[in-house]
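Structure file work_38.txt; described as compact mmCIF, C-alpha atoms and all ligand atoms.
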# COMPACT_ATOMS: atom_id res chain seq x y z
CA MET O 1 135.97 203.31 -24.76
CA THR O 2 133.12 204.06 -22.43
CA LEU O 3 130.11 206.20 -23.27
CA PHE O 4 128.39 208.16 -20.52
CA LEU O 5 124.93 209.32 -21.53
CA SER O 6 123.61 212.53 -20.05
CA ASP O 7 120.32 214.41 -19.96
CA PRO O 8 120.14 217.45 -22.27
CA ASP O 9 120.58 220.12 -19.57
CA PHE O 10 123.21 218.16 -17.65
CA HIS O 11 125.88 217.70 -20.30
CA GLN O 12 128.39 220.05 -18.68
CA PRO O 13 127.83 218.86 -15.10
CA LEU O 14 128.54 215.32 -16.31
CA ALA O 15 131.68 216.50 -18.13
CA SER O 16 132.98 218.04 -14.91
CA GLU O 17 132.52 214.73 -13.10
CA LEU O 18 134.61 212.82 -15.65
CA PRO O 19 138.40 212.61 -15.45
CA GLU O 20 140.14 215.40 -17.35
CA GLY O 21 141.65 214.78 -20.74
CA SER O 22 140.65 211.95 -22.93
CA ARG O 23 136.92 212.62 -23.30
CA ARG O 24 135.09 213.51 -26.50
CA GLU O 25 131.59 214.86 -26.82
CA LEU O 26 128.92 212.93 -28.72
CA PRO O 27 126.59 215.86 -29.38
CA GLY O 28 123.15 215.43 -27.86
CA LEU O 29 124.14 212.15 -26.20
CA GLY O 30 126.99 212.48 -23.76
CA TRP O 31 130.69 211.83 -23.46
CA LEU O 32 133.01 209.18 -24.85
CA SER O 33 135.96 208.48 -22.62
CA GLU O 34 139.04 206.34 -22.96
CA ASN O 35 139.19 205.87 -19.21
CA ASP O 36 138.01 202.59 -17.81
CA LEU O 37 135.28 202.41 -15.21
CA THR O 38 137.63 202.21 -12.22
CA GLN O 39 138.26 205.93 -12.68
CA THR O 40 134.58 206.79 -12.53
CA PRO O 41 133.07 205.15 -9.44
CA LEU O 42 129.98 207.36 -9.12
CA LEU O 43 128.53 209.86 -11.57
CA ALA O 44 125.52 211.79 -10.34
CA PHE O 45 124.76 213.23 -13.77
CA ALA O 46 125.20 210.14 -15.97
CA ARG O 47 121.88 208.70 -17.07
CA GLN O 48 123.49 205.50 -18.33
CA THR O 49 126.97 204.05 -18.90
CA LEU O 50 127.95 201.90 -21.88
CA PRO O 51 131.34 200.23 -21.29
CA GLN O 52 133.51 198.72 -24.05
CA ILE O 53 131.48 200.54 -26.67
CA ILE O 54 132.09 200.36 -30.40
CA GLU O 55 130.59 202.27 -33.28
CA THR O 56 128.82 199.97 -35.70
CA GLN O 57 126.82 199.87 -38.95
CA ALA O 58 124.32 197.46 -40.51
CA VAL O 59 122.36 197.84 -43.72
CA SER O 60 119.20 195.94 -42.75
CA ILE O 61 117.20 194.58 -39.84
CA ASN O 62 118.68 191.13 -40.33
CA ALA O 63 122.19 192.58 -40.52
CA TRP O 64 121.60 194.33 -37.16
CA ALA O 65 120.38 191.04 -35.69
CA ASP O 66 123.60 189.38 -36.92
CA ARG O 67 125.72 192.18 -35.43
CA LEU O 68 124.13 191.57 -32.03
CA ILE O 69 124.58 187.80 -32.22
CA ASP O 70 128.21 188.17 -33.32
CA ALA O 71 128.82 190.47 -30.36
CA VAL O 72 127.54 187.96 -27.78
CA ALA O 73 128.15 184.46 -29.21
CA GLY O 74 131.09 182.85 -27.45
CA VAL O 75 131.51 186.04 -25.41
CA LEU O 76 128.78 185.84 -22.76
CA PRO O 77 129.23 183.27 -19.98
CA ASP O 78 127.24 180.10 -20.71
CA ASP O 79 123.88 179.63 -19.00
CA GLN O 80 123.93 182.98 -17.24
CA PRO O 81 121.25 185.63 -17.78
CA TRP O 82 121.81 188.50 -20.13
CA HIS O 83 119.74 191.57 -20.92
CA LEU O 84 119.42 193.48 -24.16
CA HIS O 85 118.68 197.23 -24.15
CA LEU O 86 118.00 198.35 -27.70
CA TRP O 87 116.69 201.82 -28.49
CA PRO O 88 116.73 204.52 -31.18
CA GLU O 89 118.44 207.89 -30.82
CA TYR O 90 117.05 209.36 -34.02
CA GLY O 91 113.76 210.60 -35.40
CA GLU O 92 110.70 211.86 -33.59
CA GLY O 93 107.97 209.32 -34.32
CA ARG O 94 107.72 205.57 -33.89
CA ALA O 95 109.92 204.58 -36.84
CA GLY O 96 113.07 204.07 -34.76
CA LEU O 97 111.20 202.23 -32.01
CA ASN O 98 109.59 199.94 -34.57
CA ARG O 99 112.95 199.23 -36.17
CA CYS O 100 114.45 198.30 -32.82
CA GLU O 101 111.51 195.99 -32.12
CA LEU O 102 111.97 194.31 -35.50
CA ILE O 103 115.72 193.89 -34.87
CA ARG O 104 115.02 192.30 -31.48
CA ASN O 105 112.51 189.91 -33.04
CA ALA O 106 114.85 189.04 -35.91
CA MET O 107 117.63 188.32 -33.43
CA LYS O 108 115.36 186.00 -31.44
CA GLU O 109 114.25 184.17 -34.59
CA ARG O 110 117.88 183.59 -35.56
CA LEU O 111 118.81 182.44 -32.06
CA LYS O 112 115.92 179.96 -32.19
CA LYS O 113 117.55 178.35 -35.21
CA ARG O 114 121.20 178.53 -34.18
CA ARG O 115 122.07 179.31 -30.59
CA ARG O 116 119.05 178.33 -28.52
CA HIS O 117 121.04 178.48 -25.27
CA LEU O 118 121.51 182.24 -25.83
CA LEU O 119 117.79 182.69 -26.38
CA ARG O 120 117.03 180.73 -23.20
CA SER O 121 119.32 182.92 -21.10
CA LEU O 122 118.06 186.22 -22.57
CA ASN O 123 115.99 187.87 -19.82
CA ASP O 124 113.53 190.48 -21.14
CA ASP O 125 112.41 191.54 -17.66
CA ILE O 126 113.80 194.67 -16.06
CA VAL O 127 115.24 193.31 -12.83
CA PRO O 128 118.16 194.37 -10.64
CA PHE O 129 121.50 192.96 -11.78
CA THR O 130 122.94 189.99 -9.95
CA PRO O 131 126.65 189.06 -10.05
CA HIS O 132 125.71 186.74 -12.97
CA SER O 133 123.98 189.31 -15.19
CA SER O 134 125.53 190.54 -18.44
CA LEU O 135 124.19 193.54 -20.33
CA VAL O 136 124.19 194.27 -24.05
CA GLN O 137 123.27 197.82 -25.02
CA CYS O 138 122.78 198.99 -28.57
CA PHE O 139 121.34 202.24 -29.85
CA LEU O 140 120.75 203.39 -33.38
CA THR O 141 121.75 206.89 -34.44
CA SER O 142 120.13 206.31 -37.87
CA PRO O 143 118.51 203.23 -39.45
CA GLU O 144 121.96 201.98 -40.48
CA THR O 145 124.36 203.33 -37.85
CA GLY O 146 124.69 202.95 -34.11
CA TRP O 147 126.77 201.98 -31.09
CA LEU O 148 127.10 198.65 -29.33
CA SER O 149 128.32 197.83 -25.84
CA VAL O 150 128.75 194.46 -24.14
CA SER O 151 129.26 194.42 -20.40
CA ILE O 152 130.03 190.93 -19.13
CA ALA O 153 129.08 189.64 -15.67
CA PRO O 154 129.89 190.60 -12.98
CA GLN O 155 130.54 194.13 -14.32
CA PRO O 156 126.90 195.37 -14.48
CA PHE O 157 126.33 194.28 -10.87
CA GLU O 158 129.62 195.59 -9.56
CA ARG O 159 129.15 198.92 -11.34
CA ARG O 160 125.40 199.22 -10.68
CA GLY O 161 126.03 202.72 -9.32
CA ILE O 162 126.56 203.89 -12.91
CA ILE O 163 125.22 201.06 -15.11
CA SER O 164 121.42 201.04 -14.94
CA ALA O 165 119.19 197.98 -15.30
CA PHE O 166 116.69 200.29 -17.02
CA PRO O 167 117.08 200.85 -20.77
CA ARG O 168 118.91 204.17 -21.30
CA GLY O 169 118.71 204.56 -17.54
CA PHE O 170 115.23 205.99 -17.95
CA ILE O 171 112.33 205.52 -15.51
CA PRO O 172 109.07 207.39 -16.22
CA TRP O 173 107.59 209.55 -13.42
CA ALA O 174 105.24 207.45 -11.32
CA GLU O 175 101.63 208.68 -11.20
CA ASP O 176 99.34 208.69 -8.17
CA LYS O 177 96.68 211.39 -8.01
CA ALA O 178 95.93 210.58 -4.36
CA ALA O 179 99.46 211.49 -3.19
CA PRO O 180 99.85 214.90 -1.50
CA SER O 181 102.33 215.98 -4.20
CA ARG O 182 104.24 214.61 -7.18
CA ALA O 183 107.38 214.40 -5.01
CA PHE O 184 106.38 210.83 -4.09
CA ALA O 185 107.77 209.79 -7.51
CA LYS O 186 111.31 210.31 -6.18
CA VAL O 187 110.82 207.57 -3.57
CA ILE O 188 109.36 205.18 -6.12
CA GLU O 189 112.17 205.79 -8.59
CA SER O 190 114.88 205.40 -5.93
CA GLU O 191 113.32 202.12 -4.79
CA LEU O 192 113.19 200.84 -8.37
CA ARG O 193 116.82 201.72 -8.98
CA LEU O 194 117.82 200.12 -5.69
CA GLY O 195 115.72 197.00 -6.25
CA ARG O 196 114.42 197.36 -2.70
CA GLN O 197 111.13 198.74 -1.34
CA ILE O 198 109.93 200.15 1.95
CA GLU O 199 107.92 197.20 3.31
CA ALA O 200 105.10 196.54 5.76
CA GLY O 201 106.16 196.62 9.40
CA LYS O 202 109.41 198.52 8.74
CA THR O 203 110.32 201.65 10.68
CA VAL O 204 110.80 204.86 8.71
CA VAL O 205 111.97 208.34 9.69
CA ASP O 206 110.86 211.00 7.21
CA LEU O 207 112.80 214.26 7.67
CA GLY O 208 111.23 217.38 6.15
CA ALA O 209 108.07 215.36 5.63
CA SER O 210 105.37 217.97 4.91
CA PRO O 211 102.98 217.91 3.01
CA GLY O 212 103.60 214.17 3.19
CA SER O 213 103.98 212.41 -0.13
CA TRP O 214 107.08 210.46 0.94
CA SER O 215 105.36 209.46 4.19
CA TYR O 216 102.28 208.62 2.10
CA VAL O 217 104.25 205.96 0.20
CA ALA O 218 105.61 204.43 3.41
CA VAL O 219 102.22 204.46 5.18
CA LYS O 220 100.51 202.94 2.14
CA ARG O 221 103.03 200.10 2.20
CA GLY O 222 102.23 199.37 5.86
CA ALA O 223 105.42 200.83 7.36
CA ASN O 224 105.47 202.77 10.66
CA VAL O 225 106.55 206.37 10.12
CA ILE O 226 108.00 209.08 12.33
CA ALA O 227 107.48 212.28 10.34
CA ILE O 228 109.56 215.34 11.27
CA ASP O 229 108.79 218.84 10.03
CA ARG O 230 107.90 222.30 11.22
CA SER O 231 104.57 222.11 9.38
CA GLU O 232 101.98 219.38 9.71
CA LEU O 233 101.32 216.83 6.98
CA ARG O 234 98.06 216.43 5.08
CA GLU O 235 95.19 215.80 7.45
CA ASP O 236 94.53 212.15 6.56
CA LEU O 237 98.22 211.32 7.15
CA MET O 238 98.19 213.14 10.51
CA ARG O 239 95.29 210.88 11.54
CA SER O 240 96.96 207.67 10.35
CA PRO O 241 97.71 205.19 13.16
CA ARG O 242 100.88 204.31 11.25
CA LEU O 243 102.30 207.84 11.46
CA ARG O 244 103.64 209.84 14.37
CA PHE O 245 104.31 213.50 13.70
CA GLU O 246 106.92 215.47 15.61
CA THR O 247 107.54 219.20 15.26
CA ALA O 248 111.32 219.24 15.36
CA ASP O 249 114.43 220.39 13.56
CA ALA O 250 115.35 217.72 11.01
CA PHE O 251 119.04 218.40 11.61
CA LYS O 252 118.81 217.78 15.35
CA TYR O 253 116.47 214.77 15.39
CA LYS O 254 118.00 211.43 16.44
CA PRO O 255 115.95 208.23 16.48
CA PRO O 256 115.87 206.38 19.83
CA GLN O 257 117.15 203.25 18.06
CA MET O 258 118.25 202.14 14.59
CA VAL O 259 115.45 202.46 12.01
CA ASP O 260 114.94 200.54 8.79
CA TRP O 261 114.73 203.62 6.56
CA LEU O 262 115.78 207.24 6.62
CA ILE O 263 113.93 209.20 3.96
CA CYS O 264 114.80 212.88 3.75
CA ASP O 265 113.65 215.54 1.34
CA VAL O 266 114.31 218.55 3.53
CA ILE O 267 114.88 221.90 1.83
CA ALA O 268 118.36 222.92 2.88
CA ALA O 269 121.75 223.99 1.58
CA PRO O 270 123.42 220.95 -0.05
CA GLN O 271 126.27 220.80 2.46
CA ARG O 272 123.76 220.48 5.32
CA SER O 273 122.02 217.50 3.68
CA ILE O 274 125.39 215.89 2.89
CA ASP O 275 126.54 216.33 6.50
CA LEU O 276 123.23 214.94 7.77
CA LEU O 277 123.52 211.80 5.65
CA LEU O 278 127.15 211.21 6.61
CA GLU O 279 126.29 211.67 10.29
CA TRP O 280 123.39 209.16 10.09
CA LEU O 281 125.62 206.67 8.23
CA GLY O 282 128.57 207.19 10.60
CA GLU O 283 126.37 206.63 13.63
CA ARG O 284 124.59 203.67 11.99
CA ARG O 285 121.14 205.09 12.65
CA MET O 286 119.42 203.45 9.63
CA ARG O 287 119.64 200.38 7.44
CA HIS O 288 118.52 201.99 4.16
CA PHE O 289 118.13 205.57 3.01
CA ILE O 290 116.88 207.95 0.36
CA VAL O 291 118.12 211.53 0.74
CA THR O 292 117.68 214.47 -1.63
CA ILE O 293 120.49 216.97 -2.09
CA LYS O 294 119.01 220.21 -3.44
CA PHE O 295 121.03 222.78 -5.36
CA LYS O 296 120.59 226.44 -6.12
CA GLY O 297 123.24 226.54 -8.85
CA ALA O 298 125.70 224.39 -10.77
CA ASP O 299 128.61 225.87 -8.78
CA GLU O 300 127.45 223.71 -5.84
CA TYR O 301 127.75 220.35 -7.68
CA PRO O 302 131.41 219.79 -6.66
CA LEU O 303 130.16 219.44 -3.05
CA LEU O 304 129.06 215.93 -4.07
CA GLU O 305 132.72 214.83 -4.16
CA GLN O 306 132.67 214.50 -0.37
CA LEU O 307 129.75 212.04 -0.58
CA LYS O 308 131.44 210.07 -3.37
CA GLN O 309 134.53 209.68 -1.17
CA CYS O 310 133.04 209.19 2.28
CA ALA O 311 129.73 207.31 1.82
CA PRO O 312 130.72 204.16 -0.17
CA PRO O 313 133.05 202.72 2.52
CA LEU O 314 130.14 202.88 4.99
CA CYS O 315 127.63 201.28 2.62
CA ALA O 316 126.83 197.88 1.14
CA ASP O 317 125.23 199.75 -1.76
CA PHE O 318 125.54 203.47 -2.41
CA ARG O 319 123.97 205.34 -5.33
CA LEU O 320 124.18 208.99 -6.22
CA THR O 321 121.98 209.90 -9.15
CA ARG O 322 120.01 212.77 -10.54
CA LEU O 323 116.73 210.89 -10.84
CA CYS O 324 114.40 211.31 -13.81
CA ALA O 325 112.00 212.73 -11.18
CA ASN O 326 114.60 215.25 -9.91
CA LYS O 327 114.92 218.81 -11.14
CA ASN O 328 117.98 220.63 -9.82
CA GLU O 329 118.56 217.90 -7.24
CA VAL O 330 120.41 214.65 -6.80
CA CYS O 331 119.32 211.69 -4.69
CA ALA O 332 121.66 209.61 -2.55
CA PHE O 333 120.17 206.21 -1.75
CA GLY O 334 121.33 202.81 -0.69
CA SER O 335 121.98 200.51 2.24
CA LEU O 336 124.34 200.66 5.19
CA GLN O 337 127.11 198.08 5.45
CA PRO O 338 125.79 195.29 7.71
CA ASP O 339 127.59 194.69 11.04
C1 LIG O 401 110.30 219.69 -0.32
S1 LIG O 401 109.45 219.70 1.18
C2 LIG O 401 109.27 217.99 1.51
C3 LIG O 401 108.24 217.36 0.67
C4 LIG O 401 107.90 215.97 1.13
N1 LIG O 401 108.98 215.04 0.93
C5 LIG O 401 106.69 215.47 0.39
O1 LIG O 401 106.88 214.66 -0.50
O2 LIG O 401 105.59 215.89 0.69
C6 LIG O 401 110.66 220.16 2.31
C7 LIG O 401 110.20 220.25 3.75
O3 LIG O 401 111.35 220.45 4.57
C8 LIG O 401 110.89 221.16 5.70
N2 LIG O 401 112.06 221.70 6.42
C9 LIG O 401 112.99 222.58 5.99
N3 LIG O 401 113.92 222.77 6.95
C10 LIG O 401 113.57 221.99 7.99
C11 LIG O 401 114.16 221.72 9.26
N4 LIG O 401 115.31 222.29 9.64
N5 LIG O 401 113.55 220.84 10.07
C12 LIG O 401 112.40 220.23 9.70
N6 LIG O 401 111.80 220.43 8.50
C13 LIG O 401 112.39 221.30 7.66
C14 LIG O 401 109.98 222.21 5.14
O4 LIG O 401 109.10 222.67 6.14
C15 LIG O 401 109.27 221.43 4.03
O5 LIG O 401 108.05 220.94 4.46
Reformat the file's structure so that it appears as structure tokens.
Amino acid sequence: MTLFLSDPDFHQPLASELPEGSRRELPGLGWLSENDLTQTPLLAFARQTLPQIIETQAVSINAWADRLIDAVAGVLPDDQPWHLHLWPEYGEGRAGLNRCELIRNAMKERLKKRRRHLLRSLNDDIVPFTPHSSLVQCFLTSPETGWLSVSIAPQPFERRGIISAFPRGFIPWAEDKAAPSRAFAKVIESELRLGRQIEAGKTVVDLGASPGSWSYVAVKRGANVIAIDRSELREDLMRSPRLRFETADAFKYKPPQMVDWLICDVIAAPQRSIDLLLEWLGERRMRHFIVTIKFKGADEYPLLEQLKQCAPPLCADFRLTRLCANKNEVCAFGSLQPD
């Protein structure tokens, strides 16, 4: 069984992305499916995926710690890193969070006494998966009940399009009061999910750039930006020696040579943004990309199928996710297949 977690308002859109038939709703959480992950390559509306999940119970903190150790001992590959995402799905206050913290500590104490090698290979940092990473996810639906999933390497890496390295797939909105708008948070979140940042000296094309918060991130990092829009960007960005502004149609602009990044947040019908991304990928105009697909209504979500089919063969890494920082939008981001 696999559990696909959704955000509250995106329960039905996620259901329509899953294969017909064998799915069951876990109210308030998402969908349980008997299908294995090969049938669900990309899911724009899944917040997190928990493969091989089982329902479980434990009467105390120590009993939870034992459940976790039983689930991993002799199961995880020796001397390879593993991550534990443990969170509550009940209650309003801190009680559930505190319980999870106590369970984590109890598990570590027990591992110190009996299976030190497992403690040594437990990595508490949130880092992108490598082919050697395993992931254990456990959430409590009450102090004594919950669900447990163990995804053994290389699965988390291979399925990083739907299995997030962030607990529950959640990334808080980035804050920066100096940015021209809060939209900059979409770039930051995409970079975090990708495990790759726009870096100093890189070339960036920003389509639909005004008022400039995506360009702002790139300029601040020391990248060189070509910003395309019909309206100018904020004054300080227009003066930046790192930014060249061109009044042009985002859908007609072609860079003179391959650029490191395409970033695109243009307001347009979803099919236009999808076509734009596929054209840039097909013509190998950029190495990496972050592109927003904006929707007016849920009836447009099936348009994403074309991206799910056509983009992955052109890419070394392709993600399609409704970011925590997205409203009625989805972001496509990733890296082109190298030559
Ligand atoms: C949501 S805003 C972009 C916000 C920007 N990413 C930021 O963070 O400041 C969308 C922009 O797309 C621009 N736009 C829409 N259609 C365009 C087109 N065909 N060519 C160029 N720009 C376009 C609009 O002028 C608008 O500034």
With all atoms listed in the file as the atoms that count, which of O:Thr2, O:Ser190, O:Gln306, O:Gln197 lies nearest to Pro270 (chain O)? O:Gln306
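Residue nearest Leu84 (chain O) within the list O:Cys138, O:Ala178, O:Ala268, O:Leu277: O:Cys138 [criterion: smallest interatomic distance, all atoms listed in the file].
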Please report, as a Markdown table, each residue of chain O lying at most 9 Å from ligand LIG 401 (chain O), together with the nearest pair of atoms and the separation in Å rounded to one decimal; use all atoms listed in the file, and order rows by chain and ascending residue number.
| residue | atom | partner | partner_atom | distance |
| --- | --- | --- | --- | --- |
| O:Ala179 | CA | O:LIG401 | O2 | 8.5 |
| O:Pro180 | CA | O:LIG401 | O2 | 6.2 |
| O:Ser181 | CA | O:LIG401 | O2 | 5.9 |
| O:Arg182 | CA | O:LIG401 | O1 | 7.2 |
| O:Ala183 | CA | O:LIG401 | O1 | 4.5 |
| O:Phe184 | CA | O:LIG401 | O1 | 5.3 |
| O:Ala185 | CA | O:LIG401 | O1 | 8.6 |
| O:Lys186 | CA | O:LIG401 | O1 | 8.4 |
| O:Val187 | CA | O:LIG401 | O1 | 8.7 |
| O:Asp206 | CA | O:LIG401 | N1 | 7.7 |
| O:Leu207 | CA | O:LIG401 | N6 | 6.3 |
| O:Gly208 | CA | O:LIG401 | O3 | 3.5 |
| O:Ala209 | CA | O:LIG401 | C4 | 4.5 |
| O:Ser210 | CA | O:LIG401 | O5 | 4.0 |
| O:Pro211 | CA | O:LIG401 | O2 | 4.0 |
| O:Gly212 | CA | O:LIG401 | O2 | 3.6 |
| O:Ser213 | CA | O:LIG401 | O1 | 3.7 |
| O:Trp214 | CA | O:LIG401 | O1 | 4.4 |
| O:Ser215 | CA | O:LIG401 | O1 | 7.2 |
| O:Tyr216 | CA | O:LIG401 | O1 | 8.0 |
| O:Ile228 | CA | O:LIG401 | C12 | 5.9 |
| O:Asp229 | CA | O:LIG401 | N6 | 3.7 |
| O:Arg230 | CA | O:LIG401 | N6 | 5.1 |
| O:Ser231 | CA | O:LIG401 | O4 | 5.6 |
| O:Glu232 | CA | O:LIG401 | O5 | 8.2 |
| O:Leu233 | CA | O:LIG401 | O2 | 7.7 |
| O:Arg234 | CA | O:LIG401 | O2 | 8.7 |
| O:Thr247 | CA | O:LIG401 | C12 | 7.5 |
| O:Ala248 | CA | O:LIG401 | C12 | 5.8 |
| O:Asp249 | CA | O:LIG401 | N5 | 3.6 |
| O:Ala250 | CA | O:LIG401 | N5 | 3.7 |
| O:Phe251 | CA | O:LIG401 | N4 | 5.7 |
| O:Lys252 | CA | O:LIG401 | N5 | 8.1 |
| O:Tyr253 | CA | O:LIG401 | N5 | 8.6 |
| O:Ile263 | CA | O:LIG401 | N1 | 8.2 |
| O:Cys264 | CA | O:LIG401 | N1 | 6.8 |
| O:Asp265 | CA | O:LIG401 | N1 | 4.7 |
| O:Val266 | CA | O:LIG401 | O3 | 3.7 |
| O:Ile267 | CA | O:LIG401 | C6 | 4.6 |
| O:Ala268 | CA | O:LIG401 | N3 | 6.0 |
Using 12 Å as the limit and counting all atoms listed in the file, can you tabulate each residue of region 4-92 of chain O that touches region 325-333 of chain O, with its shortest atom-to-atom distance in Å and the two atoms involved, as CSV?
residue,atom,partner,partner_atom,distance
O:Asp7,CA,O:Lys327,CA,11.2
O:Asp9,CA,O:Asn328,CA,10.1
O:Phe10,CA,O:Asn328,CA,9.7
O:Pro13,CA,O:Asn328,CA,11.3
O:Leu42,CA,O:Ala332,CA,10.8
O:Leu43,CA,O:Val330,CA,10.6
O:Ala44,CA,O:Val330,CA,6.8
O:Phe45,CA,O:Val330,CA,8.3
O:Ala46,CA,O:Val330,CA,11.3
O:Arg47,CA,O:Val330,CA,12.0
What gap, in Å, lies between CA of Gln337 (chain O) and CA of Leu314 (chain O)?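 Straight-line distance from CA of Gln337 (chain O) to CA of Leu314 (chain O) works out to 5.7 Å.
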Of the residues O:Ala174, O:Ala71, O:Leu320, O:Ala200, which is the one nearest to Leu304 (chain O), using all atoms listed in the file?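 Nearest candidate to Leu304 (chain O) out of O:Ala174, O:Ala71, O:Leu320, O:Ala200: O:Leu320.
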